[in-house]
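Structure data (compact mmCIF, C-alpha atoms and all ligand atoms) from run34.txt:
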# COMPACT_ATOMS: atom_id res chain seq x y z
CA MET G 1 132.37 175.30 104.29
CA LYS G 2 131.89 176.42 107.89
CA ARG G 3 133.14 179.87 106.87
CA ARG G 4 130.19 180.18 104.54
CA GLU G 5 127.77 180.31 107.47
CA ILE G 6 128.20 184.04 107.28
CA TYR G 7 124.96 185.01 109.03
CA SER G 8 125.33 182.80 112.07
CA ASP G 9 127.25 185.42 114.05
CA LEU G 10 124.77 188.23 113.39
CA ARG G 11 123.61 189.45 116.77
CA CYS G 12 121.05 191.86 118.14
CA ILE G 13 121.30 193.98 121.25
CA PRO G 14 118.68 193.33 123.93
CA PRO G 15 116.12 194.32 124.96
CA VAL G 16 114.21 193.18 121.87
CA ILE G 17 110.68 192.46 120.79
CA VAL G 18 110.23 189.38 118.63
CA ARG G 19 107.04 189.46 116.60
CA ILE G 20 105.81 186.40 114.76
CA ASP G 21 102.90 186.40 112.33
CA GLY G 22 100.93 183.50 110.86
CA ARG G 23 101.75 182.93 107.19
CA ASN G 24 98.71 183.15 104.91
CA PHE G 25 96.36 182.63 107.84
CA LYS G 26 93.44 184.36 106.16
CA ASN G 27 93.17 181.60 103.59
CA ALA G 28 94.61 178.80 105.69
CA LEU G 29 92.18 179.29 108.61
CA SER G 30 89.27 179.64 106.24
CA ARG G 31 90.22 176.41 104.40
CA MET G 32 90.46 174.61 107.73
CA GLY G 33 86.94 175.70 108.62
CA PHE G 34 87.68 178.02 111.53
CA GLU G 35 84.88 180.39 112.47
CA LYS G 36 85.01 183.93 111.13
CA PRO G 37 86.05 186.48 112.08
CA TYR G 38 87.12 184.97 115.44
CA ASP G 39 87.32 181.34 116.39
CA GLU G 40 87.54 180.51 120.08
CA LYS G 41 89.23 177.14 119.38
CA PHE G 42 91.92 178.85 117.31
CA THR G 43 92.56 181.51 119.94
CA SER G 44 92.59 178.96 122.77
CA ALA G 45 95.26 177.00 120.89
CA ILE G 46 97.35 180.17 120.44
CA VAL G 47 96.92 180.88 124.16
CA GLU G 48 97.99 177.33 125.04
CA ALA G 49 101.00 177.56 122.71
CA ILE G 50 102.15 180.81 124.35
CA GLU G 51 101.68 179.37 127.85
CA THR G 52 103.74 176.34 126.84
CA PHE G 53 106.39 178.69 125.46
CA PHE G 54 106.63 180.41 128.85
CA THR G 55 106.74 177.21 130.88
CA LYS G 56 108.62 174.71 128.73
CA SER G 57 110.77 176.38 126.06
CA GLY G 58 113.52 177.39 128.46
CA LEU G 59 113.21 180.94 127.12
CA SER G 60 112.18 183.73 129.39
CA PRO G 61 110.13 186.52 127.85
CA VAL G 62 109.00 189.29 130.19
CA PHE G 63 105.58 189.32 128.51
CA ALA G 64 103.81 188.29 125.32
CA TYR G 65 100.97 190.10 123.58
CA THR G 66 98.74 188.53 120.95
CA PHE G 67 95.81 189.37 118.70
CA SER G 68 94.59 187.80 115.46
CA ASP G 69 97.49 185.70 114.10
CA GLU G 70 100.41 187.64 115.57
CA ILE G 71 102.38 187.35 118.81
CA SER G 72 104.92 189.81 120.23
CA PHE G 73 107.42 188.62 122.85
CA PHE G 74 109.55 190.98 124.91
CA PHE G 75 113.00 189.70 125.89
CA ARG G 76 115.40 191.48 128.20
CA ASP G 77 117.97 188.73 128.45
CA ASN G 78 120.42 187.72 125.76
CA ALA G 79 118.80 184.41 124.84
CA PHE G 80 120.99 182.39 122.42
CA GLU G 81 123.67 185.00 122.98
CA SER G 82 121.38 187.30 120.97
CA ARG G 83 122.07 185.41 117.73
CA ILE G 84 119.51 186.56 115.18
CA GLU G 85 119.29 183.32 113.20
CA LYS G 86 118.64 181.34 116.39
CA ILE G 87 115.95 183.67 117.74
CA ASP G 88 114.20 184.13 114.40
CA SER G 89 114.02 180.38 113.81
CA ILE G 90 113.42 178.88 117.24
CA VAL G 91 110.66 181.23 118.44
CA PRO G 92 108.33 180.72 115.41
CA SER G 93 109.08 177.00 115.08
CA TYR G 94 108.41 176.42 118.78
CA ILE G 95 105.06 178.22 118.54
CA SER G 96 104.11 176.37 115.32
CA SER G 97 104.82 173.08 117.02
CA ALA G 98 103.10 173.98 120.31
CA PHE G 99 100.06 175.25 118.39
CA THR G 100 99.93 172.02 116.38
CA THR G 101 100.19 169.95 119.55
CA ALA G 102 97.32 171.96 121.06
CA LEU G 103 94.94 171.80 118.12
CA ASN G 104 96.09 169.21 115.59
CA PRO G 105 95.08 171.38 112.60
CA SER G 106 94.35 169.67 109.29
CA GLU G 107 97.26 171.47 107.54
CA PRO G 108 100.80 172.44 108.52
CA ILE G 109 101.09 176.07 109.64
CA SER G 110 104.03 178.45 109.86
CA PHE G 111 104.93 181.87 111.22
CA ASP G 112 107.39 184.50 110.02
CA SER G 113 109.50 186.29 112.59
CA ARG G 114 111.21 189.62 113.05
CA ILE G 115 113.33 191.20 115.76
CA ILE G 116 112.70 194.77 116.84
CA PRO G 117 115.36 196.32 119.05
CA VAL G 118 113.75 198.67 121.57
CA HIS G 119 114.59 200.67 124.64
CA GLU G 120 112.62 199.77 127.72
CA GLU G 121 110.81 203.14 127.48
CA ASP G 122 109.66 202.37 123.89
CA VAL G 123 107.73 199.28 124.89
CA ARG G 124 104.50 201.13 125.69
CA GLU G 125 104.54 202.99 122.37
CA TYR G 126 105.10 199.68 120.55
CA LEU G 127 102.14 198.08 122.36
CA ILE G 128 99.89 201.08 121.71
CA TRP G 129 100.71 200.67 118.01
CA ARG G 130 99.92 196.94 117.98
CA GLN G 131 96.74 197.42 120.05
CA ASP G 132 95.53 200.06 117.57
CA GLU G 133 96.09 197.44 114.89
CA ALA G 134 94.10 194.88 116.97
CA TRP G 135 91.15 197.29 117.06
CA ARG G 136 91.39 198.11 113.32
CA ASN G 137 91.64 194.41 112.56
CA CYS G 138 88.63 193.66 114.77
CA ILE G 139 86.28 196.21 113.27
CA ASN G 140 87.49 195.52 109.73
CA SER G 141 87.09 191.73 110.06
CA TYR G 142 83.56 192.02 111.44
CA ALA G 143 82.60 194.43 108.65
CA TYR G 144 84.26 192.27 105.97
CA TYR G 145 82.59 189.02 106.96
CA THR G 146 79.25 190.78 107.45
CA LEU G 147 79.41 192.03 103.85
CA LEU G 148 80.36 188.55 102.61
CA SER G 149 77.41 187.06 104.50
CA GLU G 150 75.15 189.47 102.58
CA GLY G 151 76.45 188.09 99.30
CA MET G 152 79.13 190.64 98.40
CA ASP G 153 82.22 189.00 96.83
CA GLU G 154 85.65 189.19 98.50
CA LYS G 155 87.16 191.69 96.07
CA LYS G 156 84.21 194.05 96.31
CA ALA G 157 84.11 193.82 100.12
CA THR G 158 87.85 194.59 100.36
CA ALA G 159 87.48 197.55 97.99
CA PHE G 160 84.37 198.76 99.79
CA LEU G 161 86.11 198.81 103.18
CA LYS G 162 89.41 200.24 101.93
CA ASN G 163 89.98 203.71 103.40
CA LYS G 164 86.71 203.51 105.36
CA LYS G 165 86.91 205.28 108.70
CA SER G 166 86.41 203.24 111.88
CA SER G 167 83.29 205.29 112.64
CA ASP G 168 81.77 204.38 109.25
CA MET G 169 82.42 200.67 109.80
CA HIS G 170 81.03 201.02 113.31
CA GLU G 171 77.83 202.43 111.85
CA LEU G 172 77.66 199.82 109.10
CA LEU G 173 77.78 197.09 111.75
CA PHE G 174 75.41 198.89 114.11
CA ASP G 175 72.78 199.10 111.35
CA ARG G 176 72.98 195.32 111.13
CA GLY G 177 72.58 194.72 114.83
CA ILE G 178 76.26 194.29 115.73
CA ASN G 179 77.55 196.62 118.43
CA ILE G 180 81.31 196.33 117.92
CA SER G 181 82.05 197.91 121.29
CA LYS G 182 80.24 194.96 122.91
CA VAL G 183 82.16 192.08 121.26
CA PRO G 184 84.50 190.23 123.69
CA MET G 185 87.27 192.46 124.98
CA TRP G 186 90.06 190.10 123.83
CA GLN G 187 88.88 190.56 120.24
CA ARG G 188 89.07 194.36 120.53
CA ARG G 189 92.18 194.74 122.68
CA GLY G 190 94.20 191.53 122.42
CA ILE G 191 95.50 189.21 125.12
CA MET G 192 98.48 189.85 127.40
CA PHE G 193 100.63 187.15 129.02
CA HIS G 194 102.82 187.76 132.01
CA LYS G 195 104.26 185.90 134.90
CA LYS G 196 102.48 186.06 138.22
CA GLU G 197 103.95 185.00 141.51
CA ASN G 198 101.59 183.12 143.80
CA ASP G 199 102.21 182.36 147.42
CA ILE G 200 101.59 178.70 148.12
CA GLU G 201 100.71 177.83 151.69
CA GLY G 202 102.08 174.50 152.85
CA PHE G 203 102.89 172.55 155.96
CA ASN G 204 106.14 170.98 156.98
CA PRO G 205 105.19 167.93 159.07
CA TYR G 206 108.76 167.33 160.29
CA LEU G 207 109.15 170.79 161.74
CA ASN G 208 105.40 171.09 162.47
CA VAL G 209 105.27 174.58 160.92
CA LYS G 210 103.32 176.33 158.19
CA THR G 211 105.39 177.19 155.13
CA THR G 212 105.01 179.64 152.29
CA SER G 213 106.66 179.26 148.93
CA THR G 214 106.27 181.24 145.72
CA ARG G 215 105.32 179.67 142.44
CA THR G 216 105.53 181.53 139.15
CA LYS G 217 102.57 181.02 136.86
CA VAL G 218 101.79 182.40 133.44
CA PHE G 219 98.68 184.46 133.36
CA ALA G 220 96.74 185.02 130.12
CA ASP G 221 94.81 188.25 130.58
CA ARG G 222 91.80 188.64 128.26
CA TYR G 223 90.62 191.82 130.02
CA ILE G 224 93.36 194.34 129.46
CA PRO G 225 93.14 198.14 129.51
CA LEU G 226 93.95 200.36 126.57
CA PHE G 227 97.73 200.77 126.70
CA SER G 228 97.24 204.42 125.73
CA SER G 229 95.17 205.12 128.87
CA GLU G 230 96.47 205.98 132.33
CA GLU G 231 95.23 202.62 133.55
CA GLY G 232 97.19 200.99 130.73
CA GLU G 233 100.32 202.86 131.69
CA ALA G 234 100.04 201.61 135.29
CA TYR G 235 99.27 198.08 134.06
CA LEU G 236 102.43 198.00 131.95
CA LYS G 237 104.56 199.52 134.68
CA LYS G 238 103.62 196.59 136.90
CA ILE G 239 104.42 194.01 134.23
CA LEU G 240 107.75 195.63 133.41
CA ALA G 241 108.74 196.12 137.06
N1 LIG G 301 88.73 182.54 110.34
C1 LIG G 301 89.55 183.16 111.19
N2 LIG G 301 90.49 183.97 110.70
C2 LIG G 301 91.32 184.59 111.56
C3 LIG G 301 91.24 184.41 112.97
N3 LIG G 301 92.21 185.14 113.55
C4 LIG G 301 92.87 185.77 112.56
N4 LIG G 301 92.34 185.43 111.35
C5 LIG G 301 92.72 185.95 110.04
O1 LIG G 301 94.11 185.99 109.90
C6 LIG G 301 94.48 187.09 109.09
C7 LIG G 301 95.70 187.76 109.66
O2 LIG G 301 96.08 188.87 108.91
P1 LIG G 301 97.44 188.93 108.07
O3 LIG G 301 98.56 188.36 108.90
O4 LIG G 301 97.59 190.33 107.58
O5 LIG G 301 97.07 187.99 106.84
P2 LIG G 301 97.74 186.65 106.31
O6 LIG G 301 98.86 187.09 105.42
O7 LIG G 301 96.65 185.95 105.57
O8 LIG G 301 98.23 185.87 107.48
C8 LIG G 301 93.29 188.03 109.02
O9 LIG G 301 92.79 188.06 107.72
C9 LIG G 301 92.25 187.39 109.93
O10 LIG G 301 90.99 187.46 109.36
C10 LIG G 301 90.22 183.53 113.46
O11 LIG G 301 90.05 183.32 114.67
N5 LIG G 301 89.39 182.94 112.53
MG MG G 302 99.42 186.58 109.04
Any chance you could give the structure as structure tokens?
Ligand SMILES: Nc1nc2c(ncn2[C@@H]2O[C@H](COP(=O)(O)OP(=O)(O)O)[C@@H](O)[C@H]2O)c(=O)[nH]1
Ligand SMILES: [Mg+2]
Amino acid sequence: MKRREIYSDLRCIPPVIVRIDGRNFKNALSRMGFEKPYDEKFTSAIVEAIETFFTKSGLSPVFAYTFSDEISFFFRDNAFESRIEKIDSIVPSYISSAFTTALNPSEPISFDSRIIPVHEEDVREYLIWRQDEAWRNCINSYAYYTLLSEGMDEKKATAFLKNKKSSDMHELLFDRGINISKVPMWQRRGIMFHKKENDIEGFNPYLNVKTTSTRTKVFADRYIPLFSSEEGEAYLKKILA
């Protein structure tokens, strides 16, 4: 029987990005009564789950990037000896569980998972792509729920917004008093997590000297630059250094 576990030796080659995405979150979050299009409680629980992942899972991503219901992790090391079944099951199950611990949602939730092999120099292009999606998702969600609030049904709103240019949706919202470029930055650009080393000043009473030690903390950054900008390039360089 053991020989039938034919996928267990499938391996990837690091570095890799692991992206997980909430399954059916549009309906699930709506059923559970989360605010639309963005719910601070939901996002705080995702943030807490990612921080727990960094500090307690024993896995060591270089960074994580999240918006809406998806999270990308970047791994340089060969966690689980790079076994695909391990990575694709443990990462999403850990986050599901950490999210549930943080928020105690009224229904079970789950995430799918995929592994994307990348070269170090592809990471910026990947993040530019996902951040573009964060922006599209942001403007589209605001427009969609605005139309629903005016009494349009879901099918009609989806059809109405299909193939609409960002600038048209921008205008649609502006006419209704919503300036999309002024909504919180994390909704437009996503949230980045990376490790930050802090110097901790202490005192050794036996030796009667001041001491300095470094502590690594996870930092959830809700004010990130556009990865496509020069500032974004410098920002990523620092995180990847
Ligand atoms: N109500 C609510 N929905 C959200 C929030 N964040 C993400 N979503 C929804 O989650 C969905 C994520 O998109 P996608 O993964 O393509 O759809 P899924 O297949 O339903 O998970 C979008 O429809 C978002 O509107 C939130 O904070 N509140
Ligand atoms: Mg989803």
- Message: Please return as a list of chain:residue names every residue within 12 Å of (108.6, 195.6, 133.9), taking into account all atoms listed in the file and the file's own coordinates.
- Response: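 Those residues lying close to the given coordinates are G:Pro15, G:Pro61, G:Val62, G:Phe63, G:Phe74, G:Phe75, G:Arg76, G:Glu120, G:Glu121, G:Val123, G:Arg124, G:His194, G:Lys195, G:Glu233, G:Ala234, G:Tyr235, G:Leu236, G:Lys237, G:Lys238, G:Ile239, G:Leu240, G:Ala241.
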Residues of chain G at most 8 Å from ligand LIG 301 (chain G): nearest atom pair and distance in Å, all atoms listed in the file, as CSV:
residue,atom,partner,partner_atom,distance
G:Asp21,CA,G:LIG301,O3,5.9
G:Gly22,CA,G:LIG301,O8,4.9
G:Arg23,CA,G:LIG301,O8,4.6
G:Asn24,CA,G:LIG301,O7,3.5
G:Phe25,CA,G:LIG301,O8,3.8
G:Lys26,CA,G:LIG301,O7,3.6
G:Asn27,CA,G:LIG301,O7,5.9
G:Ala28,CA,G:LIG301,O7,7.4
G:Leu29,CA,G:LIG301,N1,5.0
G:Ser30,CA,G:LIG301,N1,5.1
G:Gly33,CA,G:LIG301,N1,7.3
G:Phe34,CA,G:LIG301,N1,4.8
G:Glu35,CA,G:LIG301,N1,4.9
G:Lys36,CA,G:LIG301,N1,4.0
G:Pro37,CA,G:LIG301,N5,4.9
G:Tyr38,CA,G:LIG301,O11,3.4
G:Asp39,CA,G:LIG301,O11,3.8
G:Glu40,CA,G:LIG301,O11,6.6
G:Lys41,CA,G:LIG301,O11,7.8
G:Phe42,CA,G:LIG301,O11,5.5
G:Thr43,CA,G:LIG301,O11,6.1
G:Phe67,CA,G:LIG301,N3,7.6
G:Ser68,CA,G:LIG301,C4,3.9
G:Asp69,CA,G:LIG301,C4,4.9
G:Glu70,CA,G:LIG301,O3,7.0
G:Asn137,CA,G:LIG301,C8,7.5
G:Ser141,CA,G:LIG301,O10,5.8
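Taking atom CA of Thr101 of chain G as the reference point, atom CA of Ala49 of chain G is found at 8.3 Å.
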- Write out as a PyMOL selection string the residues lying within 12 Å of segment 150-160 of chain G, counting only C-alpha atoms and excluding same-chain residues fewer than 4 positions away. chain G and resi 26-27+140-146+164-165+168-169+172+176
- Item | Nearest candidate to ligand MG 302 (chain G) (options G:Glu85, G:Asp112, G:Asp77, G:Glu48; using all atoms listed in the file) |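 Closest candidate: G:Asp112.
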